[in-house]
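Listing of start_36.txt; format and content: compact mmCIF, C-alpha atoms.
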```txt
# COMPACT_ATOMS: atom_id res chain seq x y z
CA MET Q 1088 -24.93 -87.19 69.88
CA LYS Q 1089 -27.62 -86.96 67.24
CA ASN Q 1090 -25.58 -84.34 65.44
CA LEU Q 1091 -22.64 -86.68 65.06
CA GLU Q 1092 -24.27 -88.59 62.25
CA LYS Q 1093 -21.95 -89.25 59.37
CA ASN Q 1094 -21.99 -91.71 56.53
CA TRP Q 1095 -19.26 -94.29 56.00
CA LEU Q 1096 -17.34 -92.00 53.65
CA GLU Q 1097 -17.16 -89.24 56.23
CA TRP Q 1098 -16.18 -91.66 58.95
CA SER Q 1099 -13.39 -93.12 56.84
CA VAL Q 1100 -12.11 -89.64 55.97
CA PHE Q 1101 -12.20 -88.84 59.66
CA GLY Q 1102 -10.39 -92.08 60.47
CA ILE Q 1103 -7.62 -91.44 57.99
CA SER Q 1104 -7.37 -87.83 59.16
CA ALA Q 1105 -7.13 -88.80 62.81
CA LEU Q 1106 -4.44 -91.38 62.03
CA LEU Q 1107 -2.48 -88.86 59.96
CA VAL Q 1108 -2.77 -86.08 62.54
CA LEU Q 1109 -1.83 -88.35 65.45
CA GLY Q 1110 0.96 -89.96 63.44
CA MET Q 1111 2.54 -86.66 62.42
CA LEU Q 1112 2.14 -85.13 65.88
CA GLY Q 1113 3.48 -88.27 67.50
CA TYR Q 1114 6.47 -88.27 65.19
CA LEU Q 1115 7.20 -84.60 65.93
CA VAL Q 1116 7.00 -85.15 69.68
CA TYR Q 1117 9.20 -88.25 69.42
CA ASN Q 1118 11.59 -86.32 67.21
CA GLY Q 1119 11.67 -83.39 69.61
CA ALA Q 1120 12.19 -85.61 72.64
CA THR Q 1121 14.99 -87.69 71.13
CA SER Q 1122 16.96 -85.11 69.19
CA THR Q 1123 19.72 -83.29 70.96
CA SER Q 1124 20.53 -79.71 70.11
CA SER Q 1125 23.72 -80.52 68.29
CA PRO Q 1126 25.02 -78.18 65.59
CA PRO Q 1127 24.96 -79.38 61.98
CA LEU Q 1128 27.31 -82.38 61.75
CA LEU Q 1129 28.34 -82.59 58.13
CA SER Q 1130 30.28 -85.28 56.35
CA VAL Q 1131 31.21 -85.74 52.70
CA SER Q 1132 31.50 -88.97 50.80
CA VAL Q 1133 33.11 -88.96 47.38
CA GLY Q 1134 31.83 -91.27 44.64
CA GLN Q 1135 33.48 -92.71 41.54
CA GLY Q 1136 34.48 -90.10 38.97
CA GLU Q 1137 33.60 -90.57 35.31
CA GLN Q 1138 34.90 -88.90 32.18
CA HIS Q 1139 32.68 -86.57 30.16
CA GLY Q 1140 34.48 -84.90 27.28
CA ALA Q 1141 37.60 -83.21 28.53
CA GLN Q 1142 36.47 -83.27 32.16
CA TYR Q 1143 35.99 -85.75 34.93
CA LEU Q 1144 32.78 -85.52 36.94
CA VAL Q 1145 32.97 -86.62 40.55
CA PRO Q 1146 29.72 -87.08 42.52
CA ILE Q 1147 29.74 -86.14 46.19
CA THR Q 1148 27.15 -86.67 48.90
CA VAL Q 1149 26.97 -84.35 51.89
CA SER Q 1150 25.14 -85.74 54.93
CA ASN Q 1151 24.00 -83.84 57.97
CA ALA Q 1152 23.79 -85.99 61.09
CA GLY Q 1153 23.20 -83.03 63.42
CA SER Q 1154 19.87 -81.69 64.58
CA GLN Q 1155 20.13 -78.30 62.90
CA THR Q 1156 20.02 -77.37 59.25
CA ALA Q 1157 23.14 -75.98 57.57
CA GLU Q 1158 22.90 -73.24 54.96
CA ALA Q 1159 25.38 -72.22 52.25
CA VAL Q 1160 27.59 -75.27 52.76
CA GLN Q 1161 30.96 -74.81 51.07
CA VAL Q 1162 32.65 -78.07 50.05
CA THR Q 1163 36.19 -78.16 48.70
CA LEU Q 1164 37.82 -81.17 47.07
CA THR Q 1165 41.57 -81.37 46.56
CA LEU Q 1166 42.96 -83.81 44.01
CA THR Q 1167 46.60 -84.68 44.72
CA GLY Q 1168 49.00 -87.08 43.05
CA THR Q 1169 48.25 -85.76 39.58
CA GLN Q 1170 50.18 -83.21 37.53
CA PRO Q 1171 49.20 -80.55 38.50
CA SER Q 1172 47.14 -81.03 41.68
CA GLU Q 1173 43.71 -79.45 41.47
CA VAL Q 1174 41.21 -77.81 43.79
CA SER Q 1175 37.45 -77.73 43.03
CA SER Q 1176 34.64 -76.49 45.18
CA VAL Q 1177 30.88 -76.42 45.21
CA GLN Q 1178 28.29 -74.67 47.38
CA LEU Q 1179 25.04 -76.28 48.55
CA ASN Q 1180 22.09 -74.03 49.44
CA TYR Q 1181 20.82 -76.15 52.28
CA VAL Q 1182 21.61 -79.46 53.92
CA PRO Q 1183 18.63 -80.11 56.21
CA ARG Q 1184 19.00 -81.88 59.54
CA GLY Q 1185 19.09 -85.62 59.07
CA SER Q 1186 19.26 -85.28 55.29
CA GLN Q 1187 21.63 -85.79 52.39
CA ARG Q 1188 22.31 -83.61 49.40
CA GLN Q 1189 24.11 -84.54 46.19
CA ALA Q 1190 26.45 -82.42 44.09
CA TRP Q 1191 29.10 -82.80 41.40
CA VAL Q 1192 32.57 -81.32 41.08
CA THR Q 1193 34.80 -81.39 38.01
CA PHE Q 1194 38.52 -82.05 37.53
CA HIS Q 1195 40.71 -81.84 34.46
CA SER Q 1196 42.87 -84.79 35.44
CA ASP Q 1197 41.68 -88.33 35.98
CA PRO Q 1198 40.82 -88.61 39.70
CA HIS Q 1199 41.62 -92.33 39.60
CA SER Q 1200 45.29 -91.55 39.12
CA GLY Q 1201 45.45 -89.47 42.33
CA SER Q 1202 43.68 -89.20 45.64
CA ILE Q 1203 40.84 -86.88 46.58
CA GLU Q 1204 40.53 -85.12 49.90
CA ALA Q 1205 37.12 -83.63 50.62
CA ARG Q 1206 36.54 -80.94 53.22
CA ILE Q 1207 33.59 -78.87 54.44
CA GLU Q 1208 35.00 -75.35 54.62
CA GLY Q 1209 32.09 -73.78 56.41
CA PHE Q 1210 28.35 -73.13 56.51
CA ALA Q 1211 25.89 -70.61 57.77
CA GLN Q 1212 23.13 -71.00 60.33
CA PRO Q 1213 19.79 -70.30 58.64
CA MET X 1219 -18.43 -66.22 48.55
CA ALA X 1220 -20.34 -63.54 46.76
CA HIS X 1221 -22.50 -66.16 45.11
CA SER X 1222 -24.08 -67.44 48.23
CA ALA X 1223 -27.05 -65.11 48.06
CA SER X 1224 -27.95 -65.90 44.48
CA MET X 1225 -27.59 -69.63 44.87
CA SER X 1226 -29.33 -69.88 48.16
CA SER X 1227 -32.91 -70.06 46.95
CA ARG X 1228 -32.29 -73.01 44.66
CA GLN X 1229 -30.84 -75.20 47.36
CA ALA X 1230 -32.99 -74.00 50.16
CA SER X 1231 -35.37 -76.94 50.14
CA ALA X 1232 -32.67 -79.54 49.66
CA ASP X 1233 -30.65 -78.37 52.61
CA ALA X 1234 -33.40 -77.38 54.94
CA ASP X 1235 -33.42 -80.63 56.88
CA SER X 1236 -30.01 -82.04 56.07
CA SER X 1237 -28.62 -81.43 59.55
CA THR X 1238 -30.83 -84.05 61.16
CA HIS X 1239 -30.23 -86.81 58.57
CA HIS X 1240 -27.26 -88.76 57.43
CA PRO X 1241 -25.76 -86.72 54.63
CA THR X 1242 -25.85 -88.62 51.35
CA LEU X 1243 -22.61 -89.63 49.69
CA ILE X 1244 -23.09 -87.00 47.01
CA GLU X 1245 -23.55 -84.33 49.65
CA SER X 1246 -20.39 -85.27 51.49
CA LEU X 1247 -18.41 -85.54 48.26
CA LYS X 1248 -19.55 -82.05 47.32
CA GLU X 1249 -18.52 -80.80 50.73
CA TYR X 1250 -15.06 -82.30 50.34
CA ALA X 1251 -14.80 -80.79 46.88
CA ARG X 1252 -15.55 -77.36 48.33
CA GLY X 1253 -13.02 -77.95 51.09
CA ILE X 1254 -10.32 -78.96 48.62
CA ALA X 1255 -11.08 -75.96 46.40
CA GLY X 1256 -10.92 -73.61 49.38
CA GLY X 1257 -7.75 -75.16 50.70
CA LEU X 1258 -5.99 -74.77 47.37
CA LEU X 1259 -7.36 -71.29 46.67
CA PHE X 1260 -5.90 -69.91 49.85
CA SER X 1261 -2.68 -71.84 50.04
CA LEU X 1262 -1.42 -72.65 46.56
CA PRO X 1263 0.82 -69.55 46.60
CA LEU X 1264 2.39 -70.96 49.76
CA LEU X 1265 2.87 -74.39 48.24
CA TYR X 1266 4.76 -72.69 45.41
CA THR X 1267 7.04 -70.69 47.72
CA MET X 1268 10.53 -72.01 48.47
CA GLU X 1269 10.93 -70.18 51.76
CA ILE X 1270 8.11 -72.36 53.08
CA TRP X 1271 9.81 -75.57 51.95
CA TRP X 1272 12.94 -74.39 53.73
CA ALA X 1273 10.95 -73.55 56.85
CA GLY X 1274 9.90 -77.20 56.84
CA PHE X 1275 13.42 -78.38 57.58
CA ILE X 1276 14.74 -75.32 59.43
CA ALA X 1277 12.01 -75.20 62.08
CA GLY X 1278 12.65 -77.63 64.92
CA PRO X 1279 10.11 -80.29 65.94
CA TRP X 1280 8.83 -78.31 68.96
CA ARG X 1281 8.16 -75.26 66.85
CA LEU X 1282 6.19 -77.45 64.42
CA CYS X 1283 4.21 -78.83 67.39
CA ILE X 1284 3.30 -75.29 68.43
CA LEU X 1285 2.21 -74.58 64.85
CA PHE X 1286 0.06 -77.71 64.99
CA GLY X 1287 -1.55 -76.59 68.26
CA VAL X 1288 -2.23 -73.01 67.16
CA THR X 1289 -3.78 -74.16 63.89
CA PHE X 1290 -5.98 -76.66 65.69
CA ALA X 1291 -7.14 -73.93 68.09
CA LEU X 1292 -7.96 -71.64 65.15
CA LEU X 1293 -9.90 -74.46 63.44
CA LEU X 1294 -11.82 -75.19 66.63
CA GLY X 1295 -12.66 -71.52 67.00
CA TYR X 1296 -13.66 -71.13 63.39
CA ASN X 1297 -15.83 -74.25 63.40
CA ARG X 1298 -17.40 -73.21 66.68
CA PHE X 1299 -18.52 -69.83 65.43
CA VAL X 1300 -18.98 -70.36 61.71
CA GLY X 1301 -18.64 -73.77 60.16
CA LEU X 1302 -21.32 -75.70 62.01
CA HIS X 1303 -24.78 -75.11 63.25
CA ASN X 1304 -25.13 -73.25 66.47
CA ASP X 1305 -25.89 -76.17 68.78
CA ALA X 1306 -22.84 -78.17 67.74
CA THR X 1307 -21.23 -80.07 70.58
CA LEU X 1308 -17.56 -79.76 71.40
CA LEU X 1309 -17.04 -83.34 70.20
CA GLU X 1310 -18.62 -82.54 66.87
CA ILE X 1311 -16.44 -79.46 66.45
CA ALA X 1312 -13.33 -81.45 67.34
CA VAL X 1313 -14.22 -84.24 64.89
CA ASP X 1314 -14.65 -81.73 62.07
CA SER X 1315 -11.45 -79.90 62.94
CA ILE X 1316 -9.45 -83.14 62.90
CA GLU X 1317 -10.99 -84.01 59.56
CA GLU X 1318 -10.00 -80.64 58.09
CA MET X 1319 -6.51 -80.96 59.49
CA GLY X 1320 -6.20 -84.42 57.92
CA ILE X 1321 -7.41 -83.18 54.54
CA GLY X 1322 -4.92 -80.32 54.83
CA LEU X 1323 -2.07 -82.75 55.48
CA LEU X 1324 -3.09 -85.10 52.66
CA LEU X 1325 -3.57 -82.25 50.21
CA SER X 1326 -0.26 -80.57 50.94
CA MET X 1327 1.56 -83.89 50.79
CA ALA X 1328 0.02 -84.63 47.40
CA ILE X 1329 0.82 -81.20 45.96
CA LEU X 1330 4.37 -81.17 47.34
CA TRP X 1331 4.91 -84.60 45.82
CA MET X 1332 3.46 -83.44 42.49
CA LEU X 1333 5.83 -80.47 42.54
CA GLY X 1334 8.77 -82.74 43.31
CA ARG X 1335 9.39 -81.10 46.68
CA ILE X 1336 9.07 -84.32 48.61
CA THR X 1337 10.21 -87.69 47.34
CA PRO X 1338 9.91 -91.11 48.96
CA ARG X 1339 13.71 -91.29 49.33
CA MET X 1340 13.87 -88.19 51.52
CA PRO X 1341 14.35 -88.68 55.25
CA LEU X 1342 11.05 -88.76 57.15
CA GLN X 1343 12.08 -85.67 59.07
CA GLU X 1344 12.17 -83.53 55.95
CA ILE X 1345 8.92 -84.92 54.52
CA VAL X 1346 7.03 -84.38 57.78
CA GLY X 1347 8.46 -80.89 58.27
CA LYS X 1348 7.53 -79.64 54.81
CA THR X 1349 4.09 -81.25 54.91
CA VAL X 1350 3.21 -79.86 58.34
CA VAL X 1351 4.32 -76.30 57.55
CA GLU X 1352 2.27 -76.25 54.35
CA ALA X 1353 -0.69 -78.18 55.72
CA MET X 1354 -1.63 -75.69 58.40
CA ASN X 1355 -2.66 -72.97 56.00
CA VAL X 1356 -4.30 -75.53 53.73
CA ALA X 1357 -6.38 -76.77 56.68
CA ILE X 1358 -7.69 -73.29 57.45
CA GLY X 1359 -8.44 -72.87 53.75
CA VAL X 1360 -10.31 -76.20 53.74
CA SER X 1361 -12.36 -75.07 56.72
CA VAL X 1362 -13.19 -71.71 55.15
CA GLY X 1363 -13.91 -73.32 51.79
CA THR X 1364 -16.29 -75.90 53.24
CA ALA X 1365 -18.22 -73.25 55.12
CA GLN X 1366 -18.08 -70.38 52.65
CA LEU X 1367 -17.98 -71.65 49.11
CA GLY X 1368 -21.25 -73.53 49.38
CA GLY X 1369 -24.58 -71.97 48.56
CA GLN X 1370 -26.71 -73.22 51.41
CA SER X 1371 -29.38 -70.93 52.64
CA HIS X 1372 -29.56 -72.51 56.07
CA HIS X 1373 -26.09 -71.13 56.56
CA GLU X 1374 -27.32 -67.58 56.25
CA GLY X 1375 -30.21 -68.21 58.54
CA GLN X 1376 -27.90 -69.76 61.04
CA GLN X 1377 -25.70 -66.71 60.97
CA GLN X 1378 -28.55 -64.63 62.24
CA ASP X 1379 -29.19 -67.23 64.92
CA ASN X 1380 -25.57 -67.14 65.92
CA ALA X 1381 -25.50 -63.39 66.21
CA GLY X 1382 -28.75 -63.33 68.09
CA SER X 1383 -28.01 -66.04 70.60
CA LEU X 1384 -24.43 -65.19 71.41
CA SER X 1385 -23.85 -62.92 74.33
CA ASP X 1386 -21.85 -59.76 73.74
CA ASN X 1387 -18.64 -61.26 75.08
CA LYS X 1388 -19.00 -64.36 72.94
CA ALA X 1389 -19.80 -62.28 69.88
CA LEU X 1390 -16.63 -60.28 70.43
CA PHE X 1391 -14.67 -63.50 70.90
CA ALA X 1392 -16.13 -64.86 67.66
CA GLN X 1393 -15.07 -61.69 65.86
CA LEU X 1394 -11.56 -62.01 67.25
CA VAL X 1395 -11.28 -65.61 66.04
CA LEU X 1396 -12.51 -64.63 62.57
CA ALA X 1397 -10.10 -61.70 62.45
CA LEU X 1398 -7.23 -64.00 63.42
CA CYS X 1399 -8.18 -66.56 60.75
CA GLY X 1400 -8.37 -63.84 58.11
CA ALA X 1401 -5.08 -62.29 59.17
CA VAL X 1402 -3.29 -65.65 59.10
CA LEU X 1403 -4.78 -66.63 55.71
CA ILE X 1404 -3.64 -63.42 54.02
CA ALA X 1405 -0.43 -62.64 55.90
CA ALA X 1406 0.98 -66.17 55.68
CA ASN X 1407 1.28 -65.77 51.93
CA VAL X 1408 3.97 -63.09 52.19
CA ALA X 1409 5.30 -63.62 55.72
CA PRO X 1410 8.09 -66.10 54.94
CA THR X 1411 9.55 -64.14 52.03
CA GLU X 1412 12.81 -62.23 52.24
CA GLU X 1413 10.99 -59.13 51.10
CA ILE X 1414 9.45 -58.50 54.53
CA VAL X 1415 12.91 -58.33 56.12
CA LEU X 1416 14.23 -56.21 53.26
CA ILE X 1417 11.42 -53.66 53.52
CA ALA X 1418 11.69 -53.59 57.31
CA VAL X 1419 15.43 -52.97 57.24
CA GLU X 1420 15.28 -50.30 54.57
CA SER X 1421 12.26 -48.38 55.88
CA ASN X 1422 12.79 -45.31 58.01
CA ALA X 1423 10.47 -44.25 60.80
CA TRP X 1424 8.26 -42.20 58.48
CA HIS X 1425 7.63 -45.12 56.17
CA LEU X 1426 6.73 -47.30 59.13
CA LEU X 1427 4.38 -44.65 60.51
CA MET X 1428 2.80 -44.41 57.08
CA MET X 1429 2.31 -48.19 57.00
CA SER X 1430 0.62 -48.11 60.41
CA GLY X 1431 -1.58 -45.22 59.29
CA VAL X 1432 -2.54 -46.95 56.07
CA SER X 1433 -3.30 -50.15 58.00
CA LEU X 1434 -5.67 -48.29 60.32
CA VAL X 1435 -7.36 -46.44 57.46
CA LEU X 1436 -7.79 -49.65 55.43
CA SER X 1437 -9.25 -51.42 58.41
CA ALA X 1438 -11.72 -48.63 59.20
CA MET X 1439 -12.62 -48.38 55.54
CA ILE X 1440 -13.40 -52.08 55.19
CA LEU X 1441 -15.14 -52.44 58.53
CA PHE X 1442 -17.25 -49.30 58.61
CA TYR X 1443 -17.24 -47.18 55.47
CA SER X 1444 -17.57 -49.38 52.42
CA ASP X 1445 -20.80 -51.35 52.88
CA PHE X 1446 -18.67 -54.43 52.58
CA THR X 1447 -20.50 -57.76 52.25
CA GLY X 1448 -21.54 -58.80 55.73
CA ALA X 1449 -20.86 -55.43 57.31
CA PRO X 1450 -23.44 -54.57 59.93
CA LYS X 1451 -25.72 -51.70 59.06
CA ARG X 1452 -24.04 -49.01 61.02
CA ASP X 1453 -26.08 -46.75 63.18
CA PRO X 1454 -25.14 -43.29 61.92
CA ASP X 1455 -25.21 -42.06 65.50
CA SER X 1456 -22.91 -44.78 66.79
CA GLY X 1457 -20.12 -42.29 66.51
CA PHE X 1458 -16.43 -42.13 66.12
CA SER X 1459 -15.60 -44.11 69.24
CA THR X 1460 -17.13 -47.31 67.81
CA VAL X 1461 -15.06 -46.95 64.66
CA LEU X 1462 -11.95 -46.21 66.67
CA ARG X 1463 -12.43 -49.20 68.95
CA GLY X 1464 -13.27 -51.65 66.16
CA THR X 1465 -10.31 -50.51 64.11
CA ALA X 1466 -7.88 -50.60 67.01
CA ILE X 1467 -8.92 -54.13 68.02
CA THR X 1468 -8.59 -55.38 64.45
CA TYR X 1469 -5.16 -53.81 64.00
CA GLY X 1470 -4.08 -55.26 67.32
CA ILE X 1471 -5.10 -58.74 66.17
CA ALA X 1472 -3.31 -58.20 62.86
CA LEU X 1473 -0.06 -57.20 64.60
CA LEU X 1474 -0.34 -60.17 66.95
CA ALA X 1475 -0.80 -62.55 64.03
CA SER X 1476 2.11 -60.93 62.14
CA ALA X 1477 4.44 -61.25 65.10
CA ALA X 1478 3.47 -64.88 65.69
CA ILE X 1479 3.97 -65.86 62.05
CA LEU X 1480 7.30 -64.02 61.83
CA TRP X 1481 8.48 -65.71 65.01
CA PHE X 1482 7.56 -69.10 63.55
CA PHE X 1483 9.65 -68.46 60.45
CA GLY X 1484 12.61 -67.55 62.66
CA ARG X 1485 12.61 -63.89 61.69
CA PHE X 1486 13.03 -62.73 65.28
CA THR X 1487 16.00 -64.93 66.16
CA GLY X 1488 18.92 -62.71 67.00
CA THR X 1489 17.09 -59.67 65.68
CA ALA X 1490 17.11 -56.28 67.39
CA PHE X 1491 13.79 -55.18 68.86
CA GLY X 1492 13.50 -52.24 66.47
CA VAL X 1493 13.93 -54.44 63.40
CA ALA X 1494 11.49 -57.05 64.74
CA LEU X 1495 8.92 -54.31 65.34
CA ALA X 1496 9.50 -52.93 61.85
CA GLU X 1497 8.97 -56.41 60.35
CA THR X 1498 5.74 -56.75 62.31
CA ILE X 1499 4.45 -53.40 61.04
CA VAL X 1500 5.40 -54.25 57.45
CA LEU X 1501 3.55 -57.56 57.64
CA GLY X 1502 0.76 -55.80 59.52
CA VAL X 1503 -0.52 -54.19 56.32
CA PRO X 1504 -1.57 -57.44 54.59
CA ALA X 1505 -2.54 -58.92 57.96
CA VAL X 1506 -4.95 -56.09 58.76
CA LEU X 1507 -6.54 -56.46 55.33
CA GLY X 1508 -7.14 -60.13 56.08
CA ALA X 1509 -8.33 -59.43 59.61
CA SER X 1510 -10.83 -56.76 58.57
CA ALA X 1511 -12.17 -58.66 55.60
CA GLY X 1512 -12.13 -61.87 57.64
CA ARG X 1513 -14.40 -60.38 60.29
CA LEU X 1514 -16.98 -59.68 57.60
CA LEU X 1515 -16.49 -62.31 54.91
CA LEU X 1516 -15.62 -65.43 56.85
CA GLN X 1517 -18.69 -65.44 59.06
```
Representation of the structure as structure tokens:
Amino acid sequence: MKNLEKNWLEWSVFGISALLVLGMLGYLVYNGATSTSSPPLLSVSVGQGEQHGAQYLVPITVSNAGSQTAEAVQVTLTLTGTQPSEVSSVQLNYVPRGSQRQAWVTFHSDPHSGSIEARIEGFAQP
Amino acid sequence: MAHSASMSSRQASADADSSTHHPTLIESLKEYARGIAGGLLFSLPLLYTMEIWWAGFIAGPWRLCILFGVTFALLLGYNRFVGLHNDATLLEIAVDSIEEMGIGLLLSMAILWMLGRITPRMPLQEIVGKTVVEAMNVAIGVSVGTAQLGGQSHHEGQQQDNAGSLSDNKALFAQLVLALCGAVLIAANVAPTEEIVLIAVESNAWHLLMMSGVSLVLSAMILFYSDFTGAPKRDPDSGFSTVLRGTAITYGIALLASAAILWFFGRFTGTAFGVALAETIVLGVPAVLGASAGRLLLQ
């Protein structure tokens, strides 16, 4: 044991390291044991649109509740009840498992005067 | 690394008996500084690569656990044969390996945060994934940096001790571990990129054969024909079979490391055997460079 002589700084670095390593490993094991192998489960929530110049910007949030990451997620929003009805779409590179990603779509008409239907058209498996 | 010889004489007296005393604060701070420098030197390209960030959330938790385990084994091996003095106990090696792993995690977390790749509002899953994927290479870099970038003379003396006291089998095992560390350090920088797949898919058999040939020639050149730093003085009579064996073993290690890294990044999922083999050979070129140089430089 004589070789295991460290000063307080080295012991505290070791302590923090051990905590970090065990914490991360523990989290991964817990995560692996509790997560099921479900495909990406995506949902879209549409926020309040606001006017910028001649366009209306509508924020959307795509959440992935599944245990796999979705790639190239294609989201389409249809605005009905306005003259004319409009379709806008946006593509998100990745929506990781258990994560959320934000995006914006634009409309020419005021989205408040109609209703928006959001749909995930499809995604790829990375 | 090249400086070690020139700096050694100045620090010889200061370090001669440091292994039996508590290191002073300044000494340990300097050691951490070397570790941080080494970690960043080897892995900053990876921290700046988006395929690695993606791997952090694409790879499942079990795959990340395997990565954790393999890295820890490499650190243990490296610290056993290089980083510490020869009579280090297993406990001592483990303590140092955990420390290097922790520094790797902290460092990669800090850099990823600085680069805006992880934010406190992200789900824990994503933060942990990105940090772990990046941290493993940083940890090996920290280990190499701590051992290599310093100018202690006792290190060189200890190398001789190591070589002298290890049996042939152990010496070979030590060489294999060093080759693996070198291969991982160099190959990991390009492994996750799309380019590997692109080259593999577009290469015909002749290109692949050429890559294998070049890998073998590079390995033989570094190991035996270039008086590389740390290369053993070769007995001119030792003959072609020694060269052939050394080169073949090193290339084998390089291919093994390539395949393992590619598998981790999901490059083999749903891929035909021929394409997977081609990817391994493509990545084998940088890997064999790292493996050959690692056997000589990292010791």
Checklist entry - Within 6 Å of (20.2, -88.7, 54.7), in the coordinates the file gives, what residues turn up when you count all atoms listed in the file, written out as a ChimeraX atom specification? => result /Q:1150,1185-1187 /X:1341
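Excluding range 1506-1514 of chain X itself and same-chain residues fewer than 2 positions from it, the residues having an atom within 6 Å of it are X:Gln1393, X:Leu1396, X:Ala1397, X:Gly1400, X:Ala1401, X:Ile1404, X:Ser1437, X:Gly1448, X:Ala1449, X:Tyr1469, X:Ala1472, X:Gly1502, X:Val1503, X:Pro1504, X:Leu1516, counting all atoms listed in the file.
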Checklist entry - Between Q:Val1133, Q:Arg1188, Q:Ala1159, Q:Leu1096, which one has atoms that come closest to Glu1208 in chain Q, using all atoms listed in the file? => result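 Closest residue, counting all atoms listed in the file: Q:Ala1159.
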Next on the checklist: So, with only C-alpha atoms as the atoms that count, which of X:Leu1434, X:Leu1398, X:Thr1487, X:Ala1466 lies closest to chain Q?
Outcome noted: X:Thr1487
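Of the listed residues (X:Val1435, X:Ile1276, X:Ile1440, X:Arg1281), X:Ile1276 comes nearest to Glu1158 in chain Q; the distances count all atoms listed in the file.
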Checklist entry - Looking at X:Tyr1266, X:Trp1271, X:Phe1286, X:Phe1260, which one is nearest to Tyr1181 in chain Q, with distances taken over all atoms listed in the file? => result X:Trp1271
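If you look at CA of Val1174 in chain Q and CA of Gln1189 in chain Q, they are 18.5 Å away from each other.
Among the candidates Q:Ser1132, Q:Asn1118, Q:Thr1148, Q:Thr1156, the residue lying nearest to Val1182 in chain Q is Q:Thr1156 (atoms considered: all atoms listed in the file).
You can rank X:Ala1478, X:Leu1323, X:Ala1306, X:Ile1329 by their closest distance to Ile1284 in chain X using all atoms listed in the file, and at the top of that list sits X:Ala1478.
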List every residue of chain Q that has an atom at most 8 Å from any atom of chain X, giving for each one its closest atom pair and the distance in Å to one decimal, counting all atoms listed in the file, sorted by chain and then by ascending residue number, as CSV.
```
residue,atom,partner,partner_atom,distance
Q:Lys1089,CA,X:Thr1238,CA,7.5
Q:Asn1090,CA,X:Thr1238,CA,6.8
Q:Leu1091,CA,X:Glu1310,CA,6.0
Q:Glu1092,CA,X:His1240,CA,5.7
Q:Lys1093,CA,X:His1240,CA,5.7
Q:Asn1094,CA,X:His1240,CA,6.1
Q:Leu1096,CA,X:Leu1243,CA,7.0
Q:Glu1097,CA,X:Ser1246,CA,7.0
Q:Val1100,CA,X:Glu1317,CA,6.8
Q:Phe1101,CA,X:Glu1317,CA,5.0
Q:Ile1103,CA,X:Gly1320,CA,7.2
Q:Ser1104,CA,X:Gly1320,CA,3.8
Q:Ala1105,CA,X:Ile1316,CA,6.1
Q:Leu1107,CA,X:Gly1320,CA,6.1
Q:Val1108,CA,X:Gly1320,CA,6.0
Q:Met1111,CA,X:Val1346,CA,6.8
Q:Leu1112,CA,X:Cys1283,CA,6.8
Q:Leu1115,CA,X:Pro1279,CA,5.2
Q:Val1116,CA,X:Pro1279,CA,6.9
Q:Asn1118,CA,X:Pro1279,CA,6.3
Q:Gly1119,CA,X:Pro1279,CA,5.1
Q:Gln1155,CA,X:Ile1276,CA,7.1
Q:Thr1156,CA,X:Ile1276,CA,5.7
Q:Pro1183,CA,X:Phe1275,CA,5.7
Q:Arg1184,CA,X:Phe1275,CA,6.9
Q:Gly1185,CA,X:Pro1341,CA,6.8
Q:Ser1186,CA,X:Pro1341,CA,6.0
Q:Pro1213,CA,X:Ile1276,CA,7.2
```
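We find CA of Gln1135 in chain Q and CA of Ser1172 in chain Q to be spaced 18.0 Å apart.
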Checklist entry - Got a sec: who's within 10 Å of Gln1138 in chain Q, counting all atoms listed in the file, leaving out chain neighbours fewer than 2 positions off, as a ChimeraX atom specification? => result /Q:1136,1140-1145,1193-1198
Since we have the selection now, will you write its residues out, keeping C-alpha atoms, as a short mmCIF file (atom, residue, chain, number, x, y, z; two decimals), in the coordinates of the input?
```
data_model
loop_
_atom_site.label_atom_id
_atom_site.label_comp_id
_atom_site.auth_asym_id
_atom_site.auth_seq_id
_atom_site.Cartn_x
_atom_site.Cartn_y
_atom_site.Cartn_z
CA GLY Q 1136 34.48 -90.10 38.97
CA GLY Q 1140 34.48 -84.90 27.28
CA ALA Q 1141 37.60 -83.21 28.53
CA GLN Q 1142 36.47 -83.27 32.16
CA TYR Q 1143 35.99 -85.75 34.93
CA LEU Q 1144 32.78 -85.52 36.94
CA VAL Q 1145 32.97 -86.62 40.55
CA THR Q 1193 34.80 -81.39 38.01
CA PHE Q 1194 38.52 -82.05 37.53
CA HIS Q 1195 40.71 -81.84 34.46
CA SER Q 1196 42.87 -84.79 35.44
CA ASP Q 1197 41.68 -88.33 35.98
CA PRO Q 1198 40.82 -88.61 39.70
#
```
Next on the checklist: Within 6 Å of (31.0, -82.5, 43.2) (file coordinates; all atoms listed in the file), which protein or nucleic acid residues are there? I'd like them as a PyMOL selection string.
Outcome noted: chain Q and resi 1145-1147+1190-1192
